[in-house]
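Structure, as structure tokens:
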Amino acid sequence: MWRYSAGYRIIGKKYLTLILLLNCSNNQIKNMTSYKHTQIGYLMIIATLAVLALFAWAQITARAEPPSVDSGTNFLVIAVMVLILLTLASFTTLTTSIDEKYLKIKFGYGIFRKKFLLSEIVSIKQVKNHWYYGWGIRFWLWPKMWIYNISGFDAVELTMKNGKVYHIGTDVPNELEMAIKRATSF
């Protein structure tokens with residue numbers, strides 16, 4: 001349930017969206033996101049939790065040792081563990097969104113992101129990535145392309161005006177392809 005600030009009435013989400021759209025200028029409506037989808041990488045979540053359990057076990061074991069010069073916790077080791085966990089956690093989701101000018105992709109909480117100008121896209125098609133392309137952010141030499149993927153093998157291939165090729169991984173390739181085609185007027 002949503003609360004509309006002017007009337008303090010509790011109304012449904014659908015009606016609030018309508019009210020907000022009626023109160024927006026045309027410029028604000030144009031800048032709204034026309035497509036947004038988040039793919040969850042369950043395998044990466046499991047891997048992150050497994051590494052977290054391993055690090056917790058290592059810390060518990062290190063603290064249980066009898067006191068000596070080399071025993072106990074080390075700040076540098078903890079910092080490296082936290083950095084590894086944050087990096088792994090940043091690849092647990094892939095969010096793809098399309099607004100008026102850009103196709104945007106964002107891994108996890110946004111450290112790794114990329115924007116593509118819709119006006120620069122020349123062609124769009126659904127593809128299947130090979131298993132050996134891997135997951136994550138990859139540059140592949142043959143065929144020359146960038147791959148952004150967290151799970152599965154389905155992707156949408158973008159060819160840009162400058163000749164660069166990108167594969168955007170998704171679990172709903174039909175929806176993403178149609179949304180890009182709608183946004184680019186293909």
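Just so we're on the same page: first chain in the structure tokens is A, next is B, and so on; residues restart at 1 for each chain, and ligands are numbered from 1 in the order they show up.
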Any chance you could tabulate, as JSON lines, the residues of region 53-83 of chain A at most 12 Å from region 87-102 of chain A with each one's nearest atom pair and distance in Å to one decimal, using only C-alpha atoms, in chain and rising number order?
```
{"residue": "A:Val80", "atom": "CA", "partner": "A:Thr87", "partner_atom": "CA", "distance": 10.5}
{"residue": "A:Met81", "atom": "CA", "partner": "A:Thr87", "partner_atom": "CA", "distance": 9.9}
{"residue": "A:Val82", "atom": "CA", "partner": "A:Thr87", "partner_atom": "CA", "distance": 8.5}
{"residue": "A:Leu83", "atom": "CA", "partner": "A:Thr87", "partner_atom": "CA", "distance": 6.1}
```
Find the spatial neighbours of Leu86 (chain A), counting only C-alpha atoms, within a cut-off of 12 Å - ignore same-chain residues fewer than 6 positions away - and output them as a PyMOL selection string.
chain A and resi 45+48-49+51-52+79-80+92+107-112
Selected residues written out with C-alpha atoms, as a PDB file, in the first residue's frame:
```pdb
ATOM      1  CA  ILE A  45      25.138 -16.625  -4.325  1.00  0.00           C
ATOM      2  CA  THR A  48      29.697 -16.412  -2.085  1.00  0.00           C
ATOM      3  CA  LEU A  49      28.103 -18.125   0.907  1.00  0.00           C
ATOM      4  CA  VAL A  51      33.536 -18.610   0.616  1.00  0.00           C
ATOM      5  CA  LEU A  52      31.996 -16.740   3.553  1.00  0.00           C
ATOM      6  CA  ALA A  79      40.783  -6.876   4.591  1.00  0.00           C
ATOM      7  CA  VAL A  80      41.571  -9.254   1.703  1.00  0.00           C
ATOM      8  CA  THR A  92      25.166 -12.070  -7.760  1.00  0.00           C
ATOM      9  CA  PHE A 107      26.155  -6.009 -11.712  1.00  0.00           C
ATOM     10  CA  GLY A 108      25.085  -6.375  -8.088  1.00  0.00           C
ATOM     11  CA  TYR A 109      25.160  -3.129  -6.154  1.00  0.00           C
ATOM     12  CA  GLY A 110      26.624  -1.135  -9.043  1.00  0.00           C
ATOM     13  CA  ILE A 111      30.413  -1.178  -8.895  1.00  0.00           C
ATOM     14  CA  PHE A 112      30.533  -2.766 -12.345  1.00  0.00           C
TER      15      PHE A 112
END
```
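Between CA of Pro173 (chain A) and CA of Val127 (chain A) lies a distance of 8.5 Å.
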Please measure the separation of CA of Asn129 (chain A) and CA of Arg182 (chain A), giving the value in Å to one decimal.
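Result for CA of Asn129 (chain A) versus CA of Arg182 (chain A): 23.7 Å, one decimal.
Pairwise distance (CA of Thr170 (chain A), CA of Ala53 (chain A)) equals 28.8 Å.
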